[in-house]
$ cat entry_39.pdb   # PDB, C-alpha atoms
ATOM      1  CA  MET A   1     -43.664  36.816  19.964  1.00  0.00           C
ATOM      2  CA  ASN A   2     -42.343  35.335  23.223  1.00  0.00           C
ATOM      3  CA  GLY A   3     -45.771  34.325  24.467  1.00  0.00           C
ATOM      4  CA  VAL A   4     -47.416  37.648  23.627  1.00  0.00           C
ATOM      5  CA  GLY A   5     -49.654  37.365  20.586  1.00  0.00           C
ATOM      6  CA  VAL A   6     -51.684  39.872  18.643  1.00  0.00           C
ATOM      7  CA  VAL A   7     -55.362  39.155  18.125  1.00  0.00           C
ATOM      8  CA  LYS A   8     -56.184  39.336  14.420  1.00  0.00           C
ATOM      9  CA  GLY A   9     -57.266  42.844  13.485  1.00  0.00           C
ATOM     10  CA  THR A  10     -55.621  44.619  16.415  1.00  0.00           C
ATOM     11  CA  SER A  11     -52.114  44.901  14.990  1.00  0.00           C
ATOM     12  CA  ASN A  12     -52.723  48.450  13.758  1.00  0.00           C
ATOM     13  CA  TYR A  13     -53.438  49.824  17.230  1.00  0.00           C
ATOM     14  CA  LEU A  14     -50.578  51.710  18.844  1.00  0.00           C
ATOM     15  CA  GLY A  15     -51.870  50.990  22.340  1.00  0.00           C
ATOM     16  CA  ILE A  16     -51.732  47.236  21.676  1.00  0.00           C
ATOM     17  CA  HIS A  17     -48.094  47.430  20.558  1.00  0.00           C
ATOM     18  CA  MET A  18     -47.164  49.619  23.508  1.00  0.00           C
ATOM     19  CA  SER A  19     -48.930  47.272  25.936  1.00  0.00           C
ATOM     20  CA  GLU A  20     -47.161  44.248  24.466  1.00  0.00           C
ATOM     21  CA  THR A  21     -43.819  46.022  24.692  1.00  0.00           C
ATOM     22  CA  LEU A  22     -44.463  47.000  28.294  1.00  0.00           C
ATOM     23  CA  LEU A  23     -45.440  43.426  29.138  1.00  0.00           C
ATOM     24  CA  LEU A  24     -42.257  42.053  27.557  1.00  0.00           C
ATOM     25  CA  MET A  25     -40.113  44.602  29.423  1.00  0.00           C
ATOM     26  CA  ARG A  26     -41.829  43.813  32.740  1.00  0.00           C
ATOM     27  CA  ARG A  27     -41.346  40.065  32.226  1.00  0.00           C
ATOM     28  CA  PHE A  28     -37.689  40.622  31.414  1.00  0.00           C
ATOM     29  CA  LEU A  29     -37.202  42.748  34.538  1.00  0.00           C
ATOM     30  CA  ALA A  30     -39.128  40.298  36.727  1.00  0.00           C
ATOM     31  CA  LYS A  31     -36.828  37.464  35.614  1.00  0.00           C
ATOM     32  CA  GLU A  32     -33.747  39.628  36.181  1.00  0.00           C
ATOM     33  CA  PHE A  33     -34.873  40.558  39.704  1.00  0.00           C
ATOM     34  CA  GLU A  34     -35.505  36.902  40.470  1.00  0.00           C
ATOM     35  CA  SER A  35     -32.208  35.643  39.028  1.00  0.00           C
ATOM     36  CA  LYS A  36     -30.168  38.361  40.789  1.00  0.00           C
ATOM     37  CA  ARG A  37     -31.963  37.646  44.092  1.00  0.00           C
ATOM     38  CA  ILE A  38     -32.646  41.295  44.852  1.00  0.00           C
ATOM     39  CA  GLY A  39     -34.831  40.543  47.865  1.00  0.00           C
ATOM     40  CA  MET A  40     -38.009  41.945  46.356  1.00  0.00           C
ATOM     41  CA  ARG A  41     -39.910  41.330  43.169  1.00  0.00           C
ATOM     42  CA  PHE A  42     -39.764  43.863  40.325  1.00  0.00           C
ATOM     43  CA  GLU A  43     -43.455  44.631  40.852  1.00  0.00           C
ATOM     44  CA  GLU A  44     -42.754  45.508  44.509  1.00  0.00           C
ATOM     45  CA  TRP A  45     -39.796  47.632  43.411  1.00  0.00           C
ATOM     46  CA  MET A  46     -42.019  49.619  41.050  1.00  0.00           C
ATOM     47  CA  GLN A  47     -44.785  50.019  43.629  1.00  0.00           C
ATOM     48  CA  LEU A  48     -42.264  51.386  46.142  1.00  0.00           C
ATOM     49  CA  LEU A  49     -41.002  53.991  43.650  1.00  0.00           C
ATOM     50  CA  PRO A  50     -43.422  56.750  44.786  1.00  0.00           C
ATOM     51  CA  VAL A  51     -42.378  56.196  48.427  1.00  0.00           C
ATOM     52  CA  VAL A  52     -38.689  56.295  47.453  1.00  0.00           C
ATOM     53  CA  GLU A  53     -39.158  59.516  45.486  1.00  0.00           C
ATOM     54  CA  SER A  54     -41.018  61.275  48.315  1.00  0.00           C
ATOM     55  CA  GLU A  55     -39.752  62.359  51.699  1.00  0.00           C
ATOM     56  CA  ILE A  56     -43.142  61.406  53.061  1.00  0.00           C
ATOM     57  CA  LEU A  57     -46.179  60.162  51.203  1.00  0.00           C
ATOM     58  CA  SER A  58     -49.713  59.574  52.389  1.00  0.00           C
ATOM     59  CA  GLN A  59     -51.234  56.170  51.871  1.00  0.00           C
ATOM     60  CA  LYS A  60     -54.095  57.880  50.005  1.00  0.00           C
ATOM     61  CA  ASP A  61     -51.609  59.547  47.619  1.00  0.00           C
ATOM     62  CA  LEU A  62     -49.955  56.174  47.036  1.00  0.00           C
ATOM     63  CA  SER A  63     -53.367  54.719  46.231  1.00  0.00           C
ATOM     64  CA  ASP A  64     -53.932  57.489  43.669  1.00  0.00           C
ATOM     65  CA  LEU A  65     -50.458  57.123  42.123  1.00  0.00           C
ATOM     66  CA  LEU A  66     -50.698  53.342  41.813  1.00  0.00           C
ATOM     67  CA  VAL A  67     -54.336  53.545  40.650  1.00  0.00           C
ATOM     68  CA  LYS A  68     -55.320  50.955  43.239  1.00  0.00           C
ATOM     69  CA  ASP A  69     -58.180  51.013  45.709  1.00  0.00           C
ATOM     70  CA  LYS A  70     -57.587  51.842  49.384  1.00  0.00           C
ATOM     71  CA  THR A  71     -58.027  48.245  50.540  1.00  0.00           C
ATOM     72  CA  THR A  72     -55.457  46.885  48.068  1.00  0.00           C
ATOM     73  CA  VAL A  73     -52.938  49.586  49.010  1.00  0.00           C
ATOM     74  CA  SER A  74     -53.577  48.995  52.704  1.00  0.00           C
ATOM     75  CA  ARG A  75     -52.733  45.286  52.267  1.00  0.00           C
ATOM     76  CA  LEU A  76     -49.708  46.182  50.156  1.00  0.00           C
ATOM     77  CA  VAL A  77     -48.409  48.586  52.807  1.00  0.00           C
ATOM     78  CA  ASP A  78     -49.134  46.041  55.566  1.00  0.00           C
ATOM     79  CA  GLY A  79     -46.750  43.671  53.774  1.00  0.00           C
ATOM     80  CA  TRP A  80     -44.082  46.358  53.462  1.00  0.00           C
ATOM     81  CA  VAL A  81     -44.381  47.222  57.147  1.00  0.00           C
ATOM     82  CA  LYS A  82     -44.123  43.537  58.044  1.00  0.00           C
ATOM     83  CA  LYS A  83     -40.947  43.256  55.913  1.00  0.00           C
ATOM     84  CA  SER A  84     -39.610  46.454  57.566  1.00  0.00           C
ATOM     85  CA  TRP A  85     -39.336  48.257  54.228  1.00  0.00           C
ATOM     86  CA  VAL A  86     -41.721  51.057  55.203  1.00  0.00           C
ATOM     87  CA  LYS A  87     -42.852  52.770  58.398  1.00  0.00           C
ATOM     88  CA  ARG A  88     -46.456  53.862  58.590  1.00  0.00           C
ATOM     89  CA  GLY A  89     -47.515  56.648  60.909  1.00  0.00           C
ATOM     90  CA  VAL A  90     -50.490  58.907  61.420  1.00  0.00           C
ATOM     91  CA  SER A  91     -50.293  62.301  59.719  1.00  0.00           C
ATOM     92  CA  PRO A  92     -49.749  65.095  62.257  1.00  0.00           C
ATOM     93  CA  GLU A  93     -51.892  67.438  60.120  1.00  0.00           C
ATOM     94  CA  ASP A  94     -54.811  65.060  59.592  1.00  0.00           C
ATOM     95  CA  LYS A  95     -55.249  62.021  61.816  1.00  0.00           C
ATOM     96  CA  ARG A  96     -57.356  60.300  59.138  1.00  0.00           C
ATOM     97  CA  TYR A  97     -54.319  59.803  56.877  1.00  0.00           C
ATOM     98  CA  TYR A  98     -51.355  57.486  57.161  1.00  0.00           C
ATOM     99  CA  ILE A  99     -47.920  58.768  56.175  1.00  0.00           C
ATOM    100  CA  LEU A 100     -45.402  56.353  54.671  1.00  0.00           C
ATOM    101  CA  ARG A 101     -41.643  56.583  55.039  1.00  0.00           C
ATOM    102  CA  LEU A 102     -39.059  54.270  53.552  1.00  0.00           C
ATOM    103  CA  THR A 103     -36.885  52.565  56.179  1.00  0.00           C
ATOM    104  CA  LYS A 104     -33.135  52.117  55.920  1.00  0.00           C
ATOM    105  CA  LYS A 105     -33.691  48.415  55.191  1.00  0.00           C
ATOM    106  CA  GLY A 106     -36.275  49.270  52.531  1.00  0.00           C
ATOM    107  CA  ARG A 107     -33.920  51.724  50.840  1.00  0.00           C
ATOM    108  CA  GLU A 108     -31.014  49.247  50.909  1.00  0.00           C
ATOM    109  CA  ILE A 109     -33.042  46.471  49.283  1.00  0.00           C
ATOM    110  CA  TRP A 110     -34.637  48.883  46.806  1.00  0.00           C
ATOM    111  CA  GLU A 111     -31.200  50.204  45.799  1.00  0.00           C
ATOM    112  CA  LYS A 112     -30.045  46.641  45.072  1.00  0.00           C
ATOM    113  CA  GLY A 113     -32.474  46.781  42.150  1.00  0.00           C
ATOM    114  CA  LEU A 114     -30.889  49.864  40.574  1.00  0.00           C
ATOM    115  CA  PRO A 115     -28.047  48.011  38.796  1.00  0.00           C
ATOM    116  CA  VAL A 116     -30.596  45.522  37.437  1.00  0.00           C
ATOM    117  CA  ILE A 117     -32.707  48.396  36.126  1.00  0.00           C
ATOM    118  CA  ALA A 118     -29.624  50.025  34.559  1.00  0.00           C
ATOM    119  CA  SER A 119     -28.573  46.753  32.933  1.00  0.00           C
ATOM    120  CA  ALA A 120     -32.079  46.145  31.578  1.00  0.00           C
ATOM    121  CA  ASP A 121     -32.204  49.713  30.284  1.00  0.00           C
ATOM    122  CA  ALA A 122     -29.039  49.005  28.285  1.00  0.00           C
ATOM    123  CA  VAL A 123     -30.798  45.993  26.726  1.00  0.00           C
ATOM    124  CA  PHE A 124     -33.844  48.112  25.868  1.00  0.00           C
ATOM    125  CA  ARG A 125     -31.705  50.832  24.256  1.00  0.00           C
ATOM    126  CA  LYS A 126     -29.229  48.486  22.556  1.00  0.00           C
ATOM    127  CA  ASP A 127     -30.473  48.870  18.986  1.00  0.00           C
ATOM    128  CA  LEU A 128     -31.492  52.536  19.202  1.00  0.00           C
ATOM    129  CA  SER A 129     -29.335  55.342  17.881  1.00  0.00           C
ATOM    130  CA  ASP A 130     -29.056  58.504  19.958  1.00  0.00           C
ATOM    131  CA  THR A 131     -31.458  60.202  17.561  1.00  0.00           C
ATOM    132  CA  GLU A 132     -33.967  57.344  17.729  1.00  0.00           C
ATOM    133  CA  GLU A 133     -33.790  57.354  21.512  1.00  0.00           C
ATOM    134  CA  ARG A 134     -34.385  61.103  21.658  1.00  0.00           C
ATOM    135  CA  ASP A 135     -37.264  60.796  19.203  1.00  0.00           C
ATOM    136  CA  LEU A 136     -38.767  57.948  21.227  1.00  0.00           C
ATOM    137  CA  TYR A 137     -38.721  60.059  24.406  1.00  0.00           C
ATOM    138  CA  LEU A 138     -40.399  62.929  22.552  1.00  0.00           C
ATOM    139  CA  LEU A 139     -43.054  60.618  21.115  1.00  0.00           C
ATOM    140  CA  LEU A 140     -43.724  59.003  24.500  1.00  0.00           C
ATOM    141  CA  PHE A 141     -44.056  62.452  26.060  1.00  0.00           C
ATOM    142  CA  LYS A 142     -46.573  63.455  23.377  1.00  0.00           C
ATOM    143  CA  ILE A 143     -48.588  60.271  23.919  1.00  0.00           C
ATOM    144  CA  GLN A 144     -48.540  60.705  27.702  1.00  0.00           C
ATOM    145  CA  SER A 145     -49.669  64.316  27.338  1.00  0.00           C
ATOM    146  CA  SER A 146     -52.503  63.317  25.000  1.00  0.00           C
ATOM    147  CA  VAL A 147     -53.690  60.614  27.382  1.00  0.00           C
ATOM    148  CA  GLN A 148     -53.522  62.969  30.375  1.00  0.00           C
ATOM    149  CA  MET A 149     -55.477  65.640  28.509  1.00  0.00           C
ATOM    150  CA  ALA A 150     -58.120  63.123  27.420  1.00  0.00           C
ATOM    151  CA  GLY A 151     -58.361  61.883  31.008  1.00  0.00           C
ATOM    152  CA  GLN A 152     -58.879  65.413  32.314  1.00  0.00           C
ATOM    153  CA  GLN A 153     -61.536  66.101  29.701  1.00  0.00           C
ATOM    154  CA  ASN A 154     -63.336  62.895  30.627  1.00  0.00           C
ATOM    155  CA  GLY A 155     -63.123  63.652  34.326  1.00  0.00           C
ATOM    156  CA  ALA A 156     -60.690  60.810  35.051  1.00  0.00           C
TER
END

$ encode --input "entry_39.pdb" --output "structure tokens"
Amino acid sequence: MNGVGVVKGTSNYLGIHMSETLLLMRRFLAKEFESKRIGMRFEEWMQLLPVVESEILSQKDLSDLLVKDKTTVSRLVDGWVKKSWVKRGVSPEDKRYYILRLTKKGREIWEKGLPVIASADAVFRKDLSDTEERDLYLLLFKIQSSVQMAGQQNGA
């Protein structure tokens, strides 16, 4: 299984199969980013996604979206600032919060990853019919909704 094995007795769990699939996809994308010399790792590309999708984003919101503690996100953002991918400023509304903005350089490097993502997406979809792809999206949406509802019920 390309280095990803199933522990005996866990093969019937949907979450295990989904996690293995996600791991394989991430490895594939990481190798593609490295071989195409994008200028950032795939993991960095994914972590920057919330900043790219927002006009401005607080560092606290980024911490929540990435499900990482404040210290980890602070170090992550420090690296981005050092690489000139992101500008960090104090929020005008609340001086306790930092606001993150993607720089021109950050956007340019991030956009270099888009063709790699599109190419990888074609690989992921290759053997799916239009109907299977549509059904997969619907099933993923249902699973995401179930997990979100369970998380809300459990106070997560």

$ residues_around --input "entry_39.pdb" --residues "stretch 142-154 of chain A" --least-positions-apart "5" --cutoff "12 Å" --atoms "all atoms listed in the file" --output "NGL selection string"
:A and (14-15 or 18 or 135-137)

$ residues_around --input "entry_39.pdb" --residues "stretch 54-67 of chain A" --least-positions-apart "4" --cutoff "6 Å" --atoms "all atoms listed in the file" --output "ChimeraX atom specification"
/A:73,98-101

$ closest_atom_pairs --input "entry_39.pdb" --of "stretch 20-74 of chain A" --to "stretch 104-128 of chain A" --cutoff "10 Å" --atoms "only C-alpha atoms" --output "Markdown table"
| residue | atom | partner | partner_atom | distance |
| --- | --- | --- | --- | --- |
| A:Met25 | CA | A:Phe124 | CA | 8.0 |
| A:Phe28 | CA | A:Ala120 | CA | 7.9 |
| A:Leu29 | CA | A:Ala120 | CA | 6.8 |
| A:Glu32 | CA | A:Val116 | CA | 6.8 |
| A:Phe33 | CA | A:Val116 | CA | 6.9 |
| A:Lys36 | CA | A:Val116 | CA | 7.9 |
| A:Arg37 | CA | A:Lys112 | CA | 9.2 |
| A:Ile38 | CA | A:Lys112 | CA | 5.9 |
| A:Gly39 | CA | A:Ile109 | CA | 6.4 |
| A:Met40 | CA | A:Ile109 | CA | 7.3 |
| A:Arg41 | CA | A:Gly113 | CA | 9.3 |
| A:Phe42 | CA | A:Gly113 | CA | 8.1 |
| A:Glu44 | CA | A:Trp110 | CA | 9.1 |
| A:Trp45 | CA | A:Trp110 | CA | 6.3 |
| A:Met46 | CA | A:Trp110 | CA | 9.4 |
| A:Leu48 | CA | A:Trp110 | CA | 8.1 |
| A:Leu49 | CA | A:Trp110 | CA | 8.8 |
| A:Val51 | CA | A:Arg107 | CA | 9.9 |
| A:Val52 | CA | A:Arg107 | CA | 7.4 |

$ atom_distance --input "entry_39.pdb" --atom1 "atom CA of A:Lys70" --atom2 "atom CA of A:Tyr97"
11.4 Å

$ axis_aligned_box --input "entry_39.pdb" --around "stretch 7-21 of chain A" --padding-each-side "5 Å" --output "JSON"
{"center_x": -50.5, "center_y": 45.4, "center_z": 19.7, "size_x": 23.4, "size_y": 22.6, "size_z": 22.5}

$ atom_distance --input "entry_39.pdb" --atom1 "atom CA of A:Val86" --atom2 "atom CA of A:Leu23"
27.4 Å

$ atom_distance --input "entry_39.pdb" --atom1 "atom CA of A:Ala30" --atom2 "atom CA of A:Thr131"
28.7 Å

$ closest_residue --input "entry_39.pdb" --among "A:Arg96, A:Glu34, A:Leu102, A:Arg27" --to "A:Pro50" --atoms "all atoms listed in the file"
A:Leu102

$ decode --input "entry_39.pdb" --residues "stretch 75-97 of chain A" --atoms "N, CA and C atoms" --output "PDB file, in the first residue's frame"
ATOM      1  N   ARG A  75       5.105  30.935  15.637  1.00  0.00           N
ATOM      2  CA  ARG A  75       6.366  30.536  14.984  1.00  0.00           C
ATOM      3  C   ARG A  75       6.186  30.373  13.482  1.00  0.00           C
ATOM      4  N   LEU A  76       5.063  29.799  13.090  1.00  0.00           N
ATOM      5  CA  LEU A  76       4.754  29.613  11.672  1.00  0.00           C
ATOM      6  C   LEU A  76       4.707  30.969  10.960  1.00  0.00           C
ATOM      7  N   VAL A  77       3.970  31.905  11.547  1.00  0.00           N
ATOM      8  CA  VAL A  77       3.833  33.238  10.964  1.00  0.00           C
ATOM      9  C   VAL A  77       5.175  33.974  10.974  1.00  0.00           C
ATOM     10  N   ASP A  78       5.963  33.803  12.024  1.00  0.00           N
ATOM     11  CA  ASP A  78       7.305  34.405  12.059  1.00  0.00           C
ATOM     12  C   ASP A  78       8.106  33.982  10.827  1.00  0.00           C
ATOM     13  N   GLY A  79       8.032  32.710  10.488  1.00  0.00           N
ATOM     14  CA  GLY A  79       8.731  32.201   9.299  1.00  0.00           C
ATOM     15  C   GLY A  79       8.214  32.821   8.023  1.00  0.00           C
ATOM     16  N   TRP A  80       6.892  32.973   7.928  1.00  0.00           N
ATOM     17  CA  TRP A  80       6.299  33.591   6.732  1.00  0.00           C
ATOM     18  C   TRP A  80       6.720  35.043   6.598  1.00  0.00           C
ATOM     19  N   VAL A  81       6.734  35.750   7.725  1.00  0.00           N
ATOM     20  CA  VAL A  81       7.147  37.158   7.713  1.00  0.00           C
ATOM     21  C   VAL A  81       8.603  37.258   7.283  1.00  0.00           C
ATOM     22  N   LYS A  82       9.437  36.372   7.815  1.00  0.00           N
ATOM     23  CA  LYS A  82      10.856  36.357   7.466  1.00  0.00           C
ATOM     24  C   LYS A  82      11.066  36.094   5.969  1.00  0.00           C
ATOM     25  N   LYS A  83      10.213  35.243   5.383  1.00  0.00           N
ATOM     26  CA  LYS A  83      10.295  34.922   3.954  1.00  0.00           C
ATOM     27  C   LYS A  83       9.582  35.960   3.089  1.00  0.00           C
ATOM     28  N   SER A  84       8.980  36.958   3.741  1.00  0.00           N
ATOM     29  CA  SER A  84       8.221  38.029   3.064  1.00  0.00           C
ATOM     30  C   SER A  84       6.979  37.517   2.341  1.00  0.00           C
ATOM     31  N   TRP A  85       6.375  36.458   2.854  1.00  0.00           N
ATOM     32  CA  TRP A  85       5.138  35.945   2.279  1.00  0.00           C
ATOM     33  C   TRP A  85       3.929  36.629   2.894  1.00  0.00           C
ATOM     34  N   VAL A  86       4.079  37.059   4.151  1.00  0.00           N
ATOM     35  CA  VAL A  86       2.964  37.622   4.913  1.00  0.00           C
ATOM     36  C   VAL A  86       3.451  38.857   5.662  1.00  0.00           C
ATOM     37  N   LYS A  87       2.552  39.845   5.788  1.00  0.00           N
ATOM     38  CA  LYS A  87       2.801  40.990   6.662  1.00  0.00           C
ATOM     39  C   LYS A  87       1.921  40.818   7.877  1.00  0.00           C
ATOM     40  N   ARG A  88       2.509  41.119   9.038  1.00  0.00           N
ATOM     41  CA  ARG A  88       1.757  41.006  10.285  1.00  0.00           C
ATOM     42  C   ARG A  88       1.668  42.396  10.889  1.00  0.00           C
ATOM     43  N   GLY A  89       0.452  42.795  11.222  1.00  0.00           N
ATOM     44  CA  GLY A  89       0.246  44.091  11.852  1.00  0.00           C
ATOM     45  C   GLY A  89      -0.734  43.976  12.998  1.00  0.00           C
ATOM     46  N   VAL A  90      -0.760  44.991  13.825  1.00  0.00           N
ATOM     47  CA  VAL A  90      -1.674  45.018  14.962  1.00  0.00           C
ATOM     48  C   VAL A  90      -3.062  45.420  14.467  1.00  0.00           C
ATOM     49  N   SER A  91      -4.080  44.759  14.978  1.00  0.00           N
ATOM     50  CA  SER A  91      -5.459  45.063  14.608  1.00  0.00           C
ATOM     51  C   SER A  91      -5.827  46.469  15.081  1.00  0.00           C
ATOM     52  N   PRO A  92      -6.397  47.290  14.199  1.00  0.00           N
ATOM     53  CA  PRO A  92      -6.811  48.629  14.638  1.00  0.00           C
ATOM     54  C   PRO A  92      -7.969  48.587  15.637  1.00  0.00           C
ATOM     55  N   GLU A  93      -8.796  47.537  15.565  1.00  0.00           N
ATOM     56  CA  GLU A  93      -9.947  47.411  16.465  1.00  0.00           C
ATOM     57  C   GLU A  93      -9.548  46.890  17.845  1.00  0.00           C
ATOM     58  N   ASP A  94      -8.569  45.992  17.876  1.00  0.00           N
ATOM     59  CA  ASP A  94      -8.174  45.377  19.143  1.00  0.00           C
ATOM     60  C   ASP A  94      -6.675  45.132  19.111  1.00  0.00           C
ATOM     61  N   LYS A  95      -5.954  45.933  19.854  1.00  0.00           N
ATOM     62  CA  LYS A  95      -4.486  45.905  19.841  1.00  0.00           C
ATOM     63  C   LYS A  95      -3.893  44.582  20.322  1.00  0.00           C
ATOM     64  N   ARG A  96      -4.726  43.711  20.891  1.00  0.00           N
ATOM     65  CA  ARG A  96      -4.221  42.417  21.368  1.00  0.00           C
ATOM     66  C   ARG A  96      -4.070  41.406  20.233  1.00  0.00           C
ATOM     67  N   TYR A  97      -4.653  41.693  19.074  1.00  0.00           N
ATOM     68  CA  TYR A  97      -4.652  40.746  17.961  1.00  0.00           C
ATOM     69  C   TYR A  97      -3.758  41.212  16.824  1.00  0.00           C
TER      70      TYR A  97
END
